[in-house]
$ cat my_file_16.txt   # compact mmCIF, N, CA, C and O atoms
# COMPACT_ATOMS: atom_id res chain seq x y z
N MET M 1 0.84 -1.17 0.00
CA MET M 1 0.00 0.00 0.00
C MET M 1 0.89 1.24 0.00
O MET M 1 1.58 1.51 0.96
N VAL M 2 0.87 1.97 -1.10
CA VAL M 2 1.71 3.14 -1.25
C VAL M 2 0.88 4.41 -1.11
O VAL M 2 -0.33 4.41 -1.31
N ILE M 3 1.57 5.50 -0.78
CA ILE M 3 0.95 6.82 -0.72
C ILE M 3 0.92 7.36 -2.15
O ILE M 3 1.94 7.39 -2.83
N GLU M 4 -0.24 7.81 -2.59
CA GLU M 4 -0.39 8.30 -3.96
C GLU M 4 0.09 9.74 -4.07
O GLU M 4 -0.35 10.62 -3.32
N PRO M 5 1.00 10.03 -5.01
CA PRO M 5 1.43 11.42 -5.21
C PRO M 5 0.35 12.24 -5.91
O PRO M 5 -0.34 11.74 -6.80
N LEU M 6 0.22 13.50 -5.50
CA LEU M 6 -0.76 14.39 -6.11
C LEU M 6 -0.12 15.44 -7.01
O LEU M 6 -0.77 15.98 -7.90
N CYS M 7 1.16 15.75 -6.78
CA CYS M 7 1.87 16.69 -7.65
C CYS M 7 3.32 16.23 -7.80
O CYS M 7 3.83 15.47 -6.97
N PHE M 8 3.96 16.69 -8.87
CA PHE M 8 5.31 16.24 -9.21
C PHE M 8 6.20 17.44 -9.54
O PHE M 8 5.72 18.45 -10.03
N GLU M 9 7.50 17.27 -9.26
CA GLU M 9 8.54 18.20 -9.70
C GLU M 9 9.55 17.38 -10.49
O GLU M 9 10.01 16.35 -10.01
N THR M 10 9.91 17.84 -11.68
CA THR M 10 10.89 17.14 -12.50
C THR M 10 12.06 18.08 -12.79
O THR M 10 11.87 19.24 -13.16
N HIS M 11 13.26 17.55 -12.63
CA HIS M 11 14.49 18.29 -12.91
C HIS M 11 15.25 17.51 -13.97
O HIS M 11 15.48 16.31 -13.81
N ARG M 12 15.65 18.18 -15.03
CA ARG M 12 16.40 17.53 -16.12
C ARG M 12 17.80 18.12 -16.20
O ARG M 12 17.99 19.31 -16.03
N GLU M 13 18.75 17.25 -16.49
CA GLU M 13 20.14 17.66 -16.71
C GLU M 13 20.33 17.85 -18.21
O GLU M 13 19.94 17.00 -18.99
N TYR M 14 20.89 18.96 -18.61
CA TYR M 14 21.03 19.23 -20.03
C TYR M 14 22.35 18.74 -20.62
O TYR M 14 22.48 18.62 -21.83
N GLU M 15 23.34 18.43 -19.79
CA GLU M 15 24.64 18.00 -20.32
C GLU M 15 24.74 16.49 -20.49
O GLU M 15 25.52 16.03 -21.31
N ILE M 16 24.00 15.73 -19.71
CA ILE M 16 24.00 14.27 -19.84
C ILE M 16 22.55 13.78 -19.84
O ILE M 16 21.63 14.53 -19.53
N ASP M 17 22.35 12.53 -20.19
CA ASP M 17 21.02 11.93 -20.21
C ASP M 17 20.62 11.58 -18.78
O ASP M 17 20.93 10.49 -18.29
N ALA M 18 19.96 12.56 -18.10
CA ALA M 18 19.60 12.34 -16.70
C ALA M 18 18.38 13.19 -16.33
O ALA M 18 18.20 14.28 -16.85
N PHE M 19 17.56 12.65 -15.43
CA PHE M 19 16.46 13.41 -14.86
C PHE M 19 16.13 12.87 -13.48
O PHE M 19 16.53 11.78 -13.11
N ARG M 20 15.39 13.68 -12.72
CA ARG M 20 14.94 13.29 -11.37
C ARG M 20 13.54 13.86 -11.19
O ARG M 20 13.29 15.02 -11.47
N THR M 21 12.61 13.01 -10.71
CA THR M 21 11.24 13.42 -10.45
C THR M 21 10.88 13.09 -9.01
O THR M 21 11.17 11.99 -8.54
N HIS M 22 10.26 14.05 -8.34
CA HIS M 22 9.77 13.85 -6.97
C HIS M 22 8.26 14.02 -6.98
O HIS M 22 7.73 14.93 -7.61
N GLY M 23 7.56 13.15 -6.27
CA GLY M 23 6.11 13.25 -6.11
C GLY M 23 5.79 13.56 -4.66
O GLY M 23 6.47 13.11 -3.75
N PHE M 24 4.71 14.35 -4.46
CA PHE M 24 4.34 14.80 -3.13
C PHE M 24 2.88 14.48 -2.85
O PHE M 24 2.04 14.53 -3.75
N ASP M 25 2.57 14.17 -1.59
CA ASP M 25 1.20 13.88 -1.19
C ASP M 25 0.46 15.17 -0.85
O ASP M 25 0.97 16.27 -1.08
N GLU M 26 -0.75 15.06 -0.27
CA GLU M 26 -1.57 16.23 0.03
C GLU M 26 -0.95 17.13 1.09
O GLU M 26 -1.28 18.30 1.20
N GLU M 27 -0.02 16.63 1.89
CA GLU M 27 0.67 17.42 2.90
C GLU M 27 2.02 17.93 2.41
O GLU M 27 2.83 18.40 3.20
N GLU M 28 2.27 17.79 1.10
CA GLU M 28 3.53 18.19 0.45
C GLU M 28 4.74 17.44 1.01
O GLU M 28 5.84 17.95 1.06
N THR M 29 4.51 16.21 1.46
CA THR M 29 5.57 15.33 1.93
C THR M 29 5.99 14.43 0.77
O THR M 29 5.13 13.90 0.07
N PRO M 30 7.29 14.23 0.54
CA PRO M 30 7.72 13.35 -0.56
C PRO M 30 7.17 11.94 -0.39
O PRO M 30 7.23 11.36 0.69
N CYS M 31 6.60 11.40 -1.48
CA CYS M 31 6.07 10.05 -1.42
C CYS M 31 6.44 9.24 -2.67
O CYS M 31 6.11 8.06 -2.76
N PHE M 32 7.11 9.86 -3.64
CA PHE M 32 7.53 9.17 -4.85
C PHE M 32 8.86 9.75 -5.31
O PHE M 32 9.09 10.96 -5.19
N HIS M 33 9.72 8.89 -5.83
CA HIS M 33 11.02 9.31 -6.33
C HIS M 33 11.33 8.49 -7.57
O HIS M 33 11.14 7.27 -7.59
N HIS M 34 11.79 9.16 -8.62
CA HIS M 34 12.21 8.47 -9.85
C HIS M 34 13.40 9.22 -10.42
O HIS M 34 13.34 10.44 -10.59
N HIS M 35 14.49 8.51 -10.66
CA HIS M 35 15.61 9.13 -11.35
C HIS M 35 16.24 8.14 -12.31
O HIS M 35 16.10 6.93 -12.17
N ARG M 36 16.88 8.71 -13.33
CA ARG M 36 17.58 7.90 -14.32
C ARG M 36 18.76 8.70 -14.84
O ARG M 36 18.66 9.91 -15.04
N TYR M 37 19.88 8.03 -15.02
CA TYR M 37 21.01 8.66 -15.69
C TYR M 37 21.78 7.61 -16.46
O TYR M 37 21.79 6.43 -16.11
N ILE M 38 22.40 8.06 -17.52
CA ILE M 38 23.22 7.21 -18.38
C ILE M 38 24.55 7.90 -18.59
O ILE M 38 24.59 9.05 -19.03
N GLN M 39 25.63 7.21 -18.28
CA GLN M 39 26.98 7.72 -18.57
C GLN M 39 27.48 7.00 -19.80
O GLN M 39 27.47 5.78 -19.87
N SER M 40 27.91 7.78 -20.78
CA SER M 40 28.38 7.18 -22.03
C SER M 40 29.76 7.71 -22.37
O SER M 40 30.23 8.69 -21.81
N SER M 41 30.38 7.03 -23.31
CA SER M 41 31.72 7.40 -23.77
C SER M 41 31.78 7.22 -25.28
O SER M 41 31.11 6.35 -25.84
N LEU M 42 32.58 8.05 -25.93
CA LEU M 42 32.76 7.91 -27.37
C LEU M 42 33.77 6.81 -27.67
O LEU M 42 34.84 6.75 -27.07
N CYS M 43 33.43 5.95 -28.62
CA CYS M 43 34.30 4.85 -29.03
C CYS M 43 34.43 4.87 -30.54
O CYS M 43 33.61 5.45 -31.24
N SER M 44 35.46 4.18 -31.02
CA SER M 44 35.66 4.09 -32.46
C SER M 44 36.29 2.75 -32.80
O SER M 44 37.16 2.26 -32.07
N ASP M 45 35.85 2.17 -33.91
CA ASP M 45 36.47 0.93 -34.39
C ASP M 45 37.62 1.21 -35.35
O ASP M 45 38.57 0.44 -35.43
N ASP M 46 37.52 2.32 -36.08
CA ASP M 46 38.51 2.61 -37.11
C ASP M 46 39.14 3.99 -36.98
O ASP M 46 39.80 4.47 -37.91
N ASP M 47 38.97 4.65 -35.87
CA ASP M 47 39.48 6.00 -35.61
C ASP M 47 38.93 7.06 -36.55
O ASP M 47 39.47 8.16 -36.63
N GLU M 48 37.88 6.75 -37.29
CA GLU M 48 37.25 7.74 -38.17
C GLU M 48 35.79 7.96 -37.78
O GLU M 48 35.34 9.10 -37.75
N ALA M 49 35.07 6.90 -37.53
CA ALA M 49 33.67 7.01 -37.14
C ALA M 49 33.55 6.74 -35.65
O ALA M 49 34.00 5.71 -35.15
N PHE M 50 32.96 7.68 -34.93
CA PHE M 50 32.80 7.56 -33.49
C PHE M 50 31.33 7.32 -33.15
O PHE M 50 30.44 7.79 -33.84
N TYR M 51 31.10 6.56 -32.10
CA TYR M 51 29.75 6.29 -31.63
C TYR M 51 29.77 6.27 -30.10
O TYR M 51 30.80 6.03 -29.48
N ALA M 52 28.61 6.56 -29.53
CA ALA M 52 28.49 6.58 -28.07
C ALA M 52 28.13 5.19 -27.57
O ALA M 52 27.30 4.50 -28.13
N THR M 53 28.80 4.78 -26.51
CA THR M 53 28.49 3.51 -25.86
C THR M 53 28.25 3.75 -24.37
O THR M 53 28.87 4.64 -23.77
N VAL M 54 27.35 3.00 -23.80
CA VAL M 54 26.99 3.18 -22.39
C VAL M 54 28.05 2.54 -21.50
O VAL M 54 28.42 1.38 -21.69
N ILE M 55 28.54 3.30 -20.55
CA ILE M 55 29.49 2.79 -19.56
C ILE M 55 28.73 2.30 -18.33
O ILE M 55 28.97 1.22 -17.82
N TYR M 56 27.81 3.14 -17.86
CA TYR M 56 27.04 2.81 -16.66
C TYR M 56 25.74 3.61 -16.69
O TYR M 56 25.70 4.73 -17.17
N GLY M 57 24.69 3.03 -16.16
CA GLY M 57 23.41 3.72 -16.05
C GLY M 57 22.62 3.15 -14.90
O GLY M 57 22.85 2.01 -14.47
N GLU M 58 21.70 3.94 -14.42
CA GLU M 58 20.87 3.49 -13.31
C GLU M 58 19.49 4.12 -13.43
O GLU M 58 19.36 5.28 -13.81
N GLU M 59 18.47 3.35 -13.10
CA GLU M 59 17.11 3.86 -13.01
C GLU M 59 16.51 3.38 -11.71
O GLU M 59 16.60 2.20 -11.37
N VAL M 60 15.92 4.31 -10.96
CA VAL M 60 15.35 4.00 -9.65
C VAL M 60 13.94 4.59 -9.58
O VAL M 60 13.73 5.75 -9.93
N ARG M 61 13.01 3.78 -9.14
CA ARG M 61 11.65 4.23 -8.81
C ARG M 61 11.38 3.81 -7.38
O ARG M 61 11.62 2.67 -7.01
N SER M 62 10.85 4.74 -6.58
CA SER M 62 10.63 4.44 -5.17
C SER M 62 9.33 5.07 -4.70
O SER M 62 9.01 6.20 -5.07
N TRP M 63 8.60 4.32 -3.87
CA TRP M 63 7.31 4.76 -3.35
C TRP M 63 7.33 4.66 -1.83
O TRP M 63 7.79 3.68 -1.27
N ARG M 64 6.76 5.68 -1.18
CA ARG M 64 6.65 5.63 0.28
C ARG M 64 5.41 4.80 0.64
O ARG M 64 4.32 5.00 0.11
N LEU M 65 5.60 3.86 1.53
CA LEU M 65 4.52 2.99 1.98
C LEU M 65 3.80 3.64 3.16
O LEU M 65 4.33 4.55 3.80
N ARG M 66 2.63 3.15 3.46
CA ARG M 66 1.84 3.71 4.57
C ARG M 66 2.52 3.55 5.93
O ARG M 66 2.27 4.31 6.84
N ASP M 67 3.40 2.55 6.07
CA ASP M 67 4.11 2.37 7.34
C ASP M 67 5.39 3.20 7.42
O ASP M 67 6.14 3.08 8.38
N GLY M 68 5.66 4.06 6.42
CA GLY M 68 6.82 4.95 6.45
C GLY M 68 8.04 4.44 5.72
O GLY M 68 8.96 5.19 5.45
N ARG M 69 8.08 3.14 5.40
CA ARG M 69 9.22 2.60 4.65
C ARG M 69 9.09 2.99 3.18
O ARG M 69 8.04 3.43 2.72
N TRP M 70 10.18 2.79 2.44
CA TRP M 70 10.20 3.06 1.00
C TRP M 70 10.43 1.75 0.26
O TRP M 70 11.33 0.98 0.59
N LEU M 71 9.60 1.50 -0.75
CA LEU M 71 9.76 0.37 -1.66
C LEU M 71 10.47 0.89 -2.89
O LEU M 71 10.00 1.83 -3.54
N THR M 72 11.62 0.29 -3.23
CA THR M 72 12.45 0.80 -4.31
C THR M 72 12.68 -0.27 -5.37
O THR M 72 12.99 -1.41 -5.05
N TRP M 73 12.52 0.12 -6.63
CA TRP M 73 12.83 -0.71 -7.79
C TRP M 73 14.07 -0.10 -8.44
O TRP M 73 14.07 1.06 -8.84
N ARG M 74 15.16 -0.86 -8.53
CA ARG M 74 16.43 -0.35 -9.07
C ARG M 74 16.89 -1.23 -10.22
O ARG M 74 16.90 -2.46 -10.12
N VAL M 75 17.30 -0.59 -11.32
CA VAL M 75 17.85 -1.28 -12.49
C VAL M 75 19.20 -0.65 -12.78
O VAL M 75 19.31 0.58 -12.85
N VAL M 76 20.22 -1.47 -12.95
CA VAL M 76 21.56 -1.00 -13.27
C VAL M 76 21.91 -1.46 -14.68
O VAL M 76 21.70 -2.63 -15.02
N HIS M 77 22.42 -0.53 -15.49
CA HIS M 77 22.83 -0.82 -16.87
C HIS M 77 24.35 -0.72 -16.96
O HIS M 77 24.94 0.23 -16.46
N THR M 78 24.97 -1.71 -17.59
CA THR M 78 26.41 -1.68 -17.80
C THR M 78 26.75 -2.20 -19.19
O THR M 78 25.97 -2.93 -19.80
N ASP M 79 27.90 -1.81 -19.69
CA ASP M 79 28.46 -2.34 -20.94
C ASP M 79 27.50 -2.28 -22.12
O ASP M 79 27.28 -3.25 -22.82
N ASN M 80 26.91 -1.09 -22.34
CA ASN M 80 26.05 -0.85 -23.50
C ASN M 80 24.84 -1.78 -23.54
O ASN M 80 24.33 -2.11 -24.59
N ASP M 81 24.38 -2.22 -22.40
CA ASP M 81 23.26 -3.17 -22.31
C ASP M 81 22.04 -2.46 -21.75
O ASP M 81 21.71 -2.59 -20.58
N LEU M 82 21.33 -1.69 -22.60
CA LEU M 82 20.15 -0.96 -22.15
C LEU M 82 18.87 -1.77 -22.25
O LEU M 82 17.88 -1.47 -21.62
N ASP M 83 18.86 -2.81 -23.08
CA ASP M 83 17.64 -3.57 -23.30
C ASP M 83 17.54 -4.81 -22.41
O ASP M 83 16.46 -5.17 -21.96
N ASN M 84 18.63 -5.49 -22.18
CA ASN M 84 18.63 -6.73 -21.40
C ASN M 84 19.12 -6.44 -19.99
O ASN M 84 20.28 -6.64 -19.66
N HIS M 85 18.23 -5.96 -19.16
CA HIS M 85 18.61 -5.62 -17.79
C HIS M 85 17.66 -6.29 -16.81
O HIS M 85 16.55 -6.64 -17.15
N ARG M 86 18.15 -6.45 -15.62
CA ARG M 86 17.33 -7.06 -14.56
C ARG M 86 17.32 -6.10 -13.39
O ARG M 86 18.35 -5.60 -12.96
N GLY M 87 16.15 -5.88 -12.86
CA GLY M 87 16.02 -5.00 -11.72
C GLY M 87 15.71 -5.79 -10.47
O GLY M 87 15.51 -7.01 -10.51
N PHE M 88 15.66 -5.09 -9.36
CA PHE M 88 15.33 -5.75 -8.10
C PHE M 88 14.62 -4.76 -7.18
O PHE M 88 14.80 -3.55 -7.30
N TYR M 89 13.78 -5.29 -6.30
CA TYR M 89 13.08 -4.51 -5.30
C TYR M 89 13.83 -4.56 -3.98
O TYR M 89 14.47 -5.55 -3.66
N SER M 90 13.71 -3.48 -3.22
CA SER M 90 14.26 -3.46 -1.87
C SER M 90 13.42 -2.53 -1.00
O SER M 90 12.69 -1.67 -1.51
N PHE M 91 13.53 -2.70 0.32
CA PHE M 91 12.86 -1.83 1.28
C PHE M 91 13.91 -1.01 2.00
O PHE M 91 15.02 -1.49 2.24
N SER M 92 13.55 0.22 2.36
CA SER M 92 14.47 1.08 3.06
C SER M 92 13.69 1.98 4.00
O SER M 92 12.52 2.30 3.77
N GLU M 93 14.35 2.40 5.06
CA GLU M 93 13.73 3.37 5.98
C GLU M 93 13.85 4.79 5.44
O GLU M 93 13.12 5.68 5.86
N ASP M 94 14.79 5.01 4.53
CA ASP M 94 15.07 6.35 4.01
C ASP M 94 14.72 6.46 2.53
O ASP M 94 14.82 5.48 1.79
N ARG M 95 14.38 7.66 2.11
CA ARG M 95 14.10 7.94 0.70
C ARG M 95 15.41 7.88 -0.08
O ARG M 95 16.45 8.33 0.41
N PRO M 96 15.40 7.36 -1.31
CA PRO M 96 16.63 7.34 -2.10
C PRO M 96 17.09 8.75 -2.43
O PRO M 96 16.30 9.68 -2.52
N ARG M 97 18.35 8.89 -2.66
CA ARG M 97 18.95 10.20 -3.00
C ARG M 97 19.44 10.18 -4.40
O ARG M 97 19.86 9.31 -4.99
$ encode --input "my_file_16.txt" --output "structure tokens"
Amino acid sequence: MVIEPLCFETHREYEIDAFRTHGFDEEETPCFHHHRYIQSSLCSDDDEAFYATVIYGEEVRSWRLRDGRWLTWRVVHTDNDLDNHRGFYSFSEDRPR
């Protein structure tokens, strides 16, 4: 049982592929968190054509439960693997940062 957010704030990074969204309940207390970022690097096979490859990435979604804990879904991306990823759930007393 999660607390439903009624309003959201989204912050986007313009230099890298990253954003952060916070959701708030009727008392303006944080109850939802979502962030994603991708770190990439330029690579080349022939020193003429360059392409971006993912070094590391992370996506986190977290909801505040009625008992005060946070339920978090985290997915980690490595080695240019954005499609074949596995996430996991965890509980925490604190909101993710």
$ closest_residue --input "my_file_16.txt" --among "M:Leu65, M:Thr10, M:Trp73, M:Ile55" --to "Pro30 in chain M" --atoms "all atoms listed in the file"
M:Leu65
$ select_by_dssp --input "my_file_16.txt" --residues "chain M" --states "strand (DSSP E)" --output "ChimeraX atom specification"
/M:7-13,17-24,30-44,50-64,70-78,87-92
$ atom_distance --input "my_file_16.txt" --atom1 "atom O of Tyr14 in chain M" --atom2 "atom C of Tyr56 in chain M"
16.2 Å
$ residues_around --input "my_file_16.txt" --residues "Trp63 in chain M" --least-positions-apart "5" --cutoff "7 Å" --atoms "only C-alpha atoms" --output "compact mmCIF listing (two decimals) with N, CA, C and O atoms, keeping the file's coordinate frame"
# COMPACT_ATOMS: atom_id res chain seq x y z
N VAL M 2 0.87 1.97 -1.10
CA VAL M 2 1.71 3.14 -1.25
C VAL M 2 0.88 4.41 -1.11
O VAL M 2 -0.33 4.41 -1.31
N CYS M 31 6.60 11.40 -1.48
CA CYS M 31 6.07 10.05 -1.42
C CYS M 31 6.44 9.24 -2.67
O CYS M 31 6.11 8.06 -2.76
N PHE M 32 7.11 9.86 -3.64
CA PHE M 32 7.53 9.17 -4.85
C PHE M 32 8.86 9.75 -5.31
O PHE M 32 9.09 10.96 -5.19
N HIS M 33 9.72 8.89 -5.83
CA HIS M 33 11.02 9.31 -6.33
C HIS M 33 11.33 8.49 -7.57
O HIS M 33 11.14 7.27 -7.59
N TRP M 70 10.18 2.79 2.44
CA TRP M 70 10.20 3.06 1.00
C TRP M 70 10.43 1.75 0.26
O TRP M 70 11.33 0.98 0.59
N LEU M 71 9.60 1.50 -0.75
CA LEU M 71 9.76 0.37 -1.66
C LEU M 71 10.47 0.89 -2.89
O LEU M 71 10.00 1.83 -3.54
N THR M 72 11.62 0.29 -3.23
CA THR M 72 12.45 0.80 -4.31
C THR M 72 12.68 -0.27 -5.37
O THR M 72 12.99 -1.41 -5.05
$ closest_atom_pairs --input "my_file_16.txt" --of "range 41-68 of chain M" --to "range 87-97 of chain M" --cutoff "8 Å" --atoms "all atoms listed in the file" --output "tab-separated table"
residue	atom	partner	partner_atom	distance
M:Glu59	O	M:Gly87	CA	7.2
M:Val60	CA	M:Phe88	O	7.9
M:Arg61	O	M:Phe88	O	7.0
M:Ser62	CA	M:Pro96	N	6.8
M:Trp63	O	M:Ser92	O	7.0
M:Arg64	CA	M:Ser92	O	7.6
M:Leu65	N	M:Ser92	O	7.4
M:Asp67	O	M:Glu93	O	7.9
M:Gly68	O	M:Glu93	O	4.2
$ atom_distance --input "my_file_16.txt" --atom1 "CA of Asp17 in chain M" --atom2 "CA of Ser40 in chain M"
8.9 Å
$ closest_residue --input "my_file_16.txt" --among "M:His85, M:Phe19, M:Pro5, M:Arg74" --to "Ile38 in chain M" --atoms "all atoms listed in the file"
M:Phe19
$ residues_around --input "my_file_16.txt" --residues "Glu28 in chain M" --least-positions-apart "4" --cutoff "8 Å" --atoms "all atoms listed in the file" --output "list in words"
Cys7, Gly23 and Phe24 of chain M
$ atom_distance --input "my_file_16.txt" --atom1 "CA of Phe50 in chain M" --atom2 "CA of Arg86 in chain M"
28.5 Å
$ closest_residue --input "my_file_16.txt" --among "M:Arg69, M:Ile3, M:Asp79, M:His11" --to "Gln39 in chain M" --atoms "only N, CA, C and O atoms"
M:Asp79
$ closest_residue --input "my_file_16.txt" --among "M:Asp47, M:Glu4, M:Glu58, M:Glu9" --to "His35 in chain M" --atoms "only N, CA, C and O atoms"
M:Glu58
$ axis_aligned_box --input "my_file_16.txt" --around "range 50-65 of chain M" --padding-each-side "5 Å" --output "JSON"
{"center_x": 18.4, "center_y": 4.5, "center_z": -15.6, "size_x": 39.2, "size_y": 16.6, "size_z": 48.7}
